[in-house]
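Have a look at the structure below before the remarks.
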Amino acid sequence: MMHGMTNLDAFDWRLLDALQQDASLTNGALADKVGLSASQVSRRRQRLEQDGAIRGYRAVIEPSAVGLGVIVFIHVALDTHSRDNARRFRDLVRLTPAILEAHALTGEADYLLKVAVGDLKELSRLVNEILMPHESVARVRSEIALETLKEPGLLPLPMA
């Protein structure tokens with residue numbers, strides 16, 4: 001797995017940028033965009049995947065189109081700061097499909113969760129029946145997104 005800056009050249013950077021904009025592009029279409037042959041693109045793409053620079057490909061689904069239009073950010077403080085408690089909470093996060101993202105934080109809360117639910121009743125069930133009763137959780141504070149100004153987007157890649 002790749003960590004930190006690596007030995008990426010200008011073609012790699014252009015390839016990564018093109019793929020993050022549209023991962024459905026064929027190697028031929030990518031070749032036109034980055035100025036390489038389709039076989040060179042294929043080899044580079046495979047190397048970037050194997051090295052961990054490309055973690056995967058997925059469709060970006062509109063939450064409201066699938067009945068999950070309420071986006072909520074939940075701050076969670078753990079009860080005690082032990083390795084076991086953190087592991088139990090991480091297991092809970094992994095097993096809860098509504099949790100889209102989970103980040104360990106500095107500051108007052110230990111974790112920030114981004115969740116997608118269909119309505120406030122689902123949010124209440126998530127907080128009151130899953131998060132709050134969990135042995136590792138001390139406090140939960142929810143904030144409902146009124147509007148999304150910017151979606152998770154493209155990384156600001158250097159164009160070496």
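Residue names in the structure tokens use chain letters A, B, ... in the order shown, residue numbers from 1 in each chain, and ligand numbers from 1 in the order shown.
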
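Taking only segment 70-138 of chain A, the residues that DSSP calls alpha helix (DSSP H) from the backbone come to Arg83, Asp84, Asn85, Ala86, Arg87, Arg88, Phe89, Arg90, Asp91, Leu92, Val93, Arg94, Leu120, Lys121, Glu122, Leu123, Ser124 and Arg125 of chain A.
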
Given the selection you just returned, output its residues as a file containing N, CA, C and O atoms, formatted as a tab-separated table (two decimals), in the first residue's frame.
chain	number	residue	atom	x	y	z
A	83	ARG	N	-8.04	0.67	24.49
A	83	ARG	CA	-7.89	0.03	23.17
A	83	ARG	C	-9.11	-0.84	22.87
A	83	ARG	O	-9.60	-0.86	21.76
A	84	ASP	N	-9.62	-1.56	23.88
A	84	ASP	CA	-10.79	-2.42	23.67
A	84	ASP	C	-12.03	-1.61	23.31
A	84	ASP	O	-12.80	-1.99	22.44
A	85	ASN	N	-12.22	-0.48	24.00
A	85	ASN	CA	-13.38	0.36	23.72
A	85	ASN	C	-13.31	0.91	22.30
A	85	ASN	O	-14.31	0.93	21.58
A	86	ALA	N	-12.14	1.37	21.89
A	86	ALA	CA	-11.97	1.89	20.53
A	86	ALA	C	-12.23	0.78	19.51
A	86	ALA	O	-12.89	1.02	18.49
A	87	ARG	N	-11.76	-0.43	19.79
A	87	ARG	CA	-11.99	-1.55	18.86
A	87	ARG	C	-13.47	-1.88	18.77
A	87	ARG	O	-14.00	-2.09	17.68
A	88	ARG	N	-14.16	-1.89	19.91
A	88	ARG	CA	-15.60	-2.18	19.90
A	88	ARG	C	-16.36	-1.13	19.10
A	88	ARG	O	-17.27	-1.45	18.34
A	89	PHE	N	-15.96	0.14	19.25
A	89	PHE	CA	-16.63	1.20	18.50
A	89	PHE	C	-16.34	1.06	17.01
A	89	PHE	O	-17.24	1.19	16.18
A	90	ARG	N	-15.11	0.77	16.66
A	90	ARG	CA	-14.75	0.58	15.24
A	90	ARG	C	-15.54	-0.58	14.63
A	90	ARG	O	-15.98	-0.51	13.49
A	91	ASP	N	-15.74	-1.64	15.39
A	91	ASP	CA	-16.55	-2.77	14.92
A	91	ASP	C	-17.98	-2.33	14.67
A	91	ASP	O	-18.59	-2.69	13.66
A	92	LEU	N	-18.53	-1.55	15.59
A	92	LEU	CA	-19.89	-1.04	15.43
A	92	LEU	C	-20.00	-0.21	14.15
A	92	LEU	O	-20.95	-0.36	13.38
A	93	VAL	N	-19.03	0.66	13.93
A	93	VAL	CA	-19.03	1.51	12.74
A	93	VAL	C	-19.01	0.65	11.47
A	93	VAL	O	-19.79	0.87	10.54
A	94	ARG	N	-18.13	-0.34	11.45
A	94	ARG	CA	-18.03	-1.21	10.27
A	94	ARG	C	-19.32	-1.97	9.99
A	94	ARG	O	-19.66	-2.24	8.84
A	120	LEU	N	-36.12	11.45	9.76
A	120	LEU	CA	-35.72	11.69	11.14
A	120	LEU	C	-36.02	10.49	12.04
A	120	LEU	O	-35.32	10.27	13.03
A	121	LYS	N	-37.02	9.71	11.70
A	121	LYS	CA	-37.32	8.51	12.47
A	121	LYS	C	-36.16	7.52	12.37
A	121	LYS	O	-35.76	6.91	13.36
A	122	GLU	N	-35.59	7.37	11.18
A	122	GLU	CA	-34.43	6.49	11.01
A	122	GLU	C	-33.23	7.03	11.79
A	122	GLU	O	-32.47	6.26	12.38
A	123	LEU	N	-33.06	8.34	11.77
A	123	LEU	CA	-31.96	8.95	12.53
A	123	LEU	C	-32.15	8.67	14.01
A	123	LEU	O	-31.20	8.28	14.71
A	124	SER	N	-33.36	8.84	14.51
A	124	SER	CA	-33.65	8.58	15.92
A	124	SER	C	-33.33	7.13	16.27
A	124	SER	O	-32.73	6.85	17.31
A	125	ARG	N	-33.72	6.21	15.41
A	125	ARG	CA	-33.44	4.79	15.65
A	125	ARG	C	-31.93	4.54	15.68
A	125	ARG	O	-31.44	3.83	16.56

**OP:** For Val60 of chain A, list every protein, DNA or RNA residue within 12 Å, evaluated using only C-alpha atoms, and leave out those in the same chain fewer than 4 positions away; present the list as a PyMOL selection string.
**Re:** chain A and resi 20-24+65-66+151-153

Would you save the residues of that selection, restricted to N, CA, C and O atoms, as a PDB file, in the first residue's frame?
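again17.pdb, freshly written:
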ATOM      1  N   GLN A  20     -10.118  10.038 -11.718  1.00  0.00           N
ATOM      2  CA  GLN A  20     -10.975  10.514 -10.631  1.00  0.00           C
ATOM      3  C   GLN A  20     -12.118  11.370 -11.177  1.00  0.00           C
ATOM      4  O   GLN A  20     -13.158  11.491 -10.549  1.00  0.00           O
ATOM      5  N   GLN A  21     -11.948  11.936 -12.362  1.00  0.00           N
ATOM      6  CA  GLN A  21     -13.042  12.687 -12.988  1.00  0.00           C
ATOM      7  C   GLN A  21     -14.062  11.756 -13.631  1.00  0.00           C
ATOM      8  O   GLN A  21     -15.255  12.026 -13.614  1.00  0.00           O
ATOM      9  N   ASP A  22     -13.573  10.646 -14.217  1.00  0.00           N
ATOM     10  CA  ASP A  22     -14.480   9.688 -14.862  1.00  0.00           C
ATOM     11  C   ASP A  22     -13.816   8.314 -14.895  1.00  0.00           C
ATOM     12  O   ASP A  22     -13.057   8.008 -15.820  1.00  0.00           O
ATOM     13  N   ALA A  23     -14.122   7.485 -13.904  1.00  0.00           N
ATOM     14  CA  ALA A  23     -13.495   6.166 -13.801  1.00  0.00           C
ATOM     15  C   ALA A  23     -14.011   5.184 -14.839  1.00  0.00           C
ATOM     16  O   ALA A  23     -13.471   4.094 -14.968  1.00  0.00           O
ATOM     17  N   SER A  24     -15.043   5.566 -15.580  1.00  0.00           N
ATOM     18  CA  SER A  24     -15.587   4.651 -16.588  1.00  0.00           C
ATOM     19  C   SER A  24     -14.870   4.762 -17.930  1.00  0.00           C
ATOM     20  O   SER A  24     -15.184   4.021 -18.854  1.00  0.00           O
ATOM     21  N   ALA A  65     -32.198   9.889  -4.430  1.00  0.00           N
ATOM     22  CA  ALA A  65     -32.795   9.033  -5.452  1.00  0.00           C
ATOM     23  C   ALA A  65     -33.049   7.626  -4.935  1.00  0.00           C
ATOM     24  O   ALA A  65     -33.856   6.889  -5.509  1.00  0.00           O
ATOM     25  N   VAL A  66     -32.380   7.255  -3.841  1.00  0.00           N
ATOM     26  CA  VAL A  66     -32.560   5.922  -3.261  1.00  0.00           C
ATOM     27  C   VAL A  66     -33.131   6.004  -1.844  1.00  0.00           C
ATOM     28  O   VAL A  66     -32.953   5.089  -1.035  1.00  0.00           O
ATOM     29  N   GLU A 151     -19.880  18.254  -2.664  1.00  0.00           N
ATOM     30  CA  GLU A 151     -19.832  16.818  -2.421  1.00  0.00           C
ATOM     31  C   GLU A 151     -18.382  16.399  -2.220  1.00  0.00           C
ATOM     32  O   GLU A 151     -17.471  17.122  -2.614  1.00  0.00           O
ATOM     33  N   PRO A 152     -18.185  15.181  -1.673  1.00  0.00           N
ATOM     34  CA  PRO A 152     -16.808  14.678  -1.658  1.00  0.00           C
ATOM     35  C   PRO A 152     -16.313  14.737  -3.095  1.00  0.00           C
ATOM     36  O   PRO A 152     -16.977  14.246  -4.005  1.00  0.00           O
ATOM     37  N   GLY A 153     -15.212  15.389  -3.274  1.00  0.00           N
ATOM     38  CA  GLY A 153     -14.825  15.680  -4.637  1.00  0.00           C
ATOM     39  C   GLY A 153     -13.497  15.108  -5.044  1.00  0.00           C
ATOM     40  O   GLY A 153     -12.997  14.147  -4.472  1.00  0.00           O
TER      41      GLY A 153
END

Original post:
Using the chain letters and numbers from this document, which residues of segment 4-151 of chain A does DSSP assign to strand (DSSP E), as a ChimeraX atom specification?
Top reply: /A:70-78,99-104,111-117,137-144

Keeping only N, CA, C and O atoms, take the residues you just selected and write them out as a CSV table (one decimal), in the first residue's frame.
chain,number,residue,atom,x,y,z
A,70,VAL,N,-31.5,12.3,3.9
A,70,VAL,CA,-31.1,13.1,5.1
A,70,VAL,C,-29.7,12.7,5.5
A,70,VAL,O,-29.3,11.6,5.8
A,71,ILE,N,-28.8,13.7,5.3
A,71,ILE,CA,-27.4,13.5,5.7
A,71,ILE,C,-27.1,14.2,7.0
A,71,ILE,O,-27.5,15.3,7.3
A,72,VAL,N,-26.5,13.4,7.9
A,72,VAL,CA,-26.3,13.8,9.3
A,72,VAL,C,-24.8,13.6,9.7
A,72,VAL,O,-24.2,12.6,9.3
A,73,PHE,N,-24.3,14.6,10.4
A,73,PHE,CA,-22.9,14.5,11.0
A,73,PHE,C,-23.1,14.2,12.5
A,73,PHE,O,-23.8,15.0,13.2
A,74,ILE,N,-22.5,13.2,13.0
A,74,ILE,CA,-22.7,12.8,14.4
A,74,ILE,C,-21.3,12.8,15.1
A,74,ILE,O,-20.4,12.1,14.6
A,75,HIS,N,-21.2,13.6,16.1
A,75,HIS,CA,-20.0,13.6,17.0
A,75,HIS,C,-20.2,12.6,18.1
A,75,HIS,O,-21.3,12.6,18.7
A,76,VAL,N,-19.2,11.7,18.3
A,76,VAL,CA,-19.3,10.6,19.3
A,76,VAL,C,-18.2,10.8,20.2
A,76,VAL,O,-17.0,10.9,19.8
A,77,ALA,N,-18.5,10.8,21.5
A,77,ALA,CA,-17.4,10.7,22.6
A,77,ALA,C,-17.5,9.3,23.2
A,77,ALA,O,-18.6,8.8,23.5
A,78,LEU,N,-16.4,8.7,23.3
A,78,LEU,CA,-16.3,7.3,23.9
A,78,LEU,C,-16.4,7.4,25.4
A,78,LEU,O,-16.0,8.4,26.0
A,99,ILE,N,-23.7,4.4,8.2
A,99,ILE,CA,-22.5,5.2,8.5
A,99,ILE,C,-21.6,5.2,7.2
A,99,ILE,O,-21.1,4.2,6.8
A,100,LEU,N,-21.6,6.3,6.5
A,100,LEU,CA,-20.8,6.4,5.3
A,100,LEU,C,-19.4,6.7,5.5
A,100,LEU,O,-18.5,6.2,4.7
A,101,GLU,N,-19.1,7.5,6.5
A,101,GLU,CA,-17.7,7.9,6.8
A,101,GLU,C,-17.5,7.9,8.3
A,101,GLU,O,-18.5,8.2,9.0
A,102,ALA,N,-16.4,7.6,8.8
A,102,ALA,CA,-16.1,7.7,10.2
A,102,ALA,C,-14.6,8.2,10.4
A,102,ALA,O,-13.7,7.6,9.7
A,103,HIS,N,-14.4,9.2,11.2
A,103,HIS,CA,-13.1,9.8,11.3
A,103,HIS,C,-12.8,9.9,12.8
A,103,HIS,O,-13.6,10.4,13.6
A,104,ALA,N,-11.6,9.5,13.2
A,104,ALA,CA,-11.1,9.8,14.6
A,104,ALA,C,-10.6,11.2,14.6
A,104,ALA,O,-10.0,11.7,13.7
A,111,TYR,N,-14.9,10.9,17.6
A,111,TYR,CA,-15.2,10.5,16.3
A,111,TYR,C,-16.2,11.4,15.6
A,111,TYR,O,-17.1,11.9,16.3
A,112,LEU,N,-16.1,11.5,14.3
A,112,LEU,CA,-17.1,12.2,13.5
A,112,LEU,C,-17.6,11.2,12.5
A,112,LEU,O,-16.8,10.7,11.8
A,113,LEU,N,-19.0,11.0,12.5
A,113,LEU,CA,-19.6,10.1,11.6
A,113,LEU,C,-20.4,10.9,10.6
A,113,LEU,O,-21.1,11.8,11.0
A,114,LYS,N,-20.4,10.4,9.4
A,114,LYS,CA,-21.3,11.0,8.4
A,114,LYS,C,-22.3,9.8,8.0
A,114,LYS,O,-21.8,8.8,7.7
A,115,VAL,N,-23.6,10.1,8.2
A,115,VAL,CA,-24.5,9.1,8.0
A,115,VAL,C,-25.6,9.5,7.0
A,115,VAL,O,-25.8,10.7,6.8
A,116,ALA,N,-26.2,8.6,6.3
A,116,ALA,CA,-27.3,8.9,5.4
A,116,ALA,C,-28.5,8.0,5.8
A,116,ALA,O,-28.4,6.8,6.0
A,117,VAL,N,-29.6,8.7,6.1
A,117,VAL,CA,-30.8,8.0,6.5
A,117,VAL,C,-32.0,8.6,5.7
A,117,VAL,O,-31.9,9.6,5.0
A,137,VAL,N,-19.9,3.9,23.9
A,137,VAL,CA,-20.4,5.3,23.7
A,137,VAL,C,-20.8,6.0,24.9
A,137,VAL,O,-21.6,5.5,25.7
A,138,ALA,N,-20.3,7.3,25.1
A,138,ALA,CA,-20.7,8.1,26.3
A,138,ALA,C,-21.7,9.2,25.8
A,138,ALA,O,-22.7,9.4,26.4
A,139,ARG,N,-21.3,9.9,24.7
A,139,ARG,CA,-22.2,11.0,24.3
A,139,ARG,C,-22.2,11.0,22.8
A,139,ARG,O,-21.3,10.7,22.1
A,140,VAL,N,-23.4,11.5,22.3
A,140,VAL,CA,-23.6,11.6,20.9
A,140,VAL,C,-24.3,13.0,20.6
A,140,VAL,O,-25.2,13.4,21.3
A,141,ARG,N,-23.8,13.7,19.6
A,141,ARG,CA,-24.4,15.0,19.2
A,141,ARG,C,-24.5,14.9,17.7
A,141,ARG,O,-23.6,14.7,17.0
A,142,SER,N,-25.8,15.2,17.2
A,142,SER,CA,-26.1,15.1,15.8
A,142,SER,C,-26.3,16.5,15.2
A,142,SER,O,-26.9,17.3,15.9
A,143,GLU,N,-25.9,16.6,14.0
A,143,GLU,CA,-26.1,17.9,13.2
A,143,GLU,C,-26.6,17.5,11.9
A,143,GLU,O,-25.9,16.7,11.2
A,144,ILE,N,-27.8,17.9,11.5
A,144,ILE,CA,-28.4,17.6,10.2
A,144,ILE,C,-27.9,18.6,9.2
A,144,ILE,O,-28.0,19.8,9.4

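Taking atom CA of Ala18 of chain A as the reference point, atom CA of Ser39 of chain A is found at 16.3 Å.
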
Original post:
Within 9 Å of Gln40 of chain A, counting only C-alpha atoms, which residues qualify if same-chain residues fewer than 4 places away don't, as a list in words?
Top reply: Asn27, Ala31, Leu36, Arg44 and Arg45 of chain A

**OP:** Could you give me, as a ChimeraX atom specification, the residues within 9 Å of Val41 of chain A, counting only C-alpha atoms and dropping anything in the same chain fewer than 6 positions from it?
**Re:** /A:11-12,15,27-28,30-31,34

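Distance check against Met159 of chain A using only C-alpha atoms: of A:Leu105, A:Leu19, A:Trp13, A:Ser37, the minimum falls on A:Trp13.
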
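Considering only C-alpha atoms, the residue among A:Ala109, A:Pro156, A:Thr148, A:Thr96 positioned nearest to Ile130 of chain A is A:Thr96.
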
Original post:
Can you tell me, as number ranges by chain, what residues are no more than 6 Å from Gly118 of chain A when counting only C-alpha atoms, ignoring any on the same chain fewer than 4 positions away?
Top reply: A: 67-70
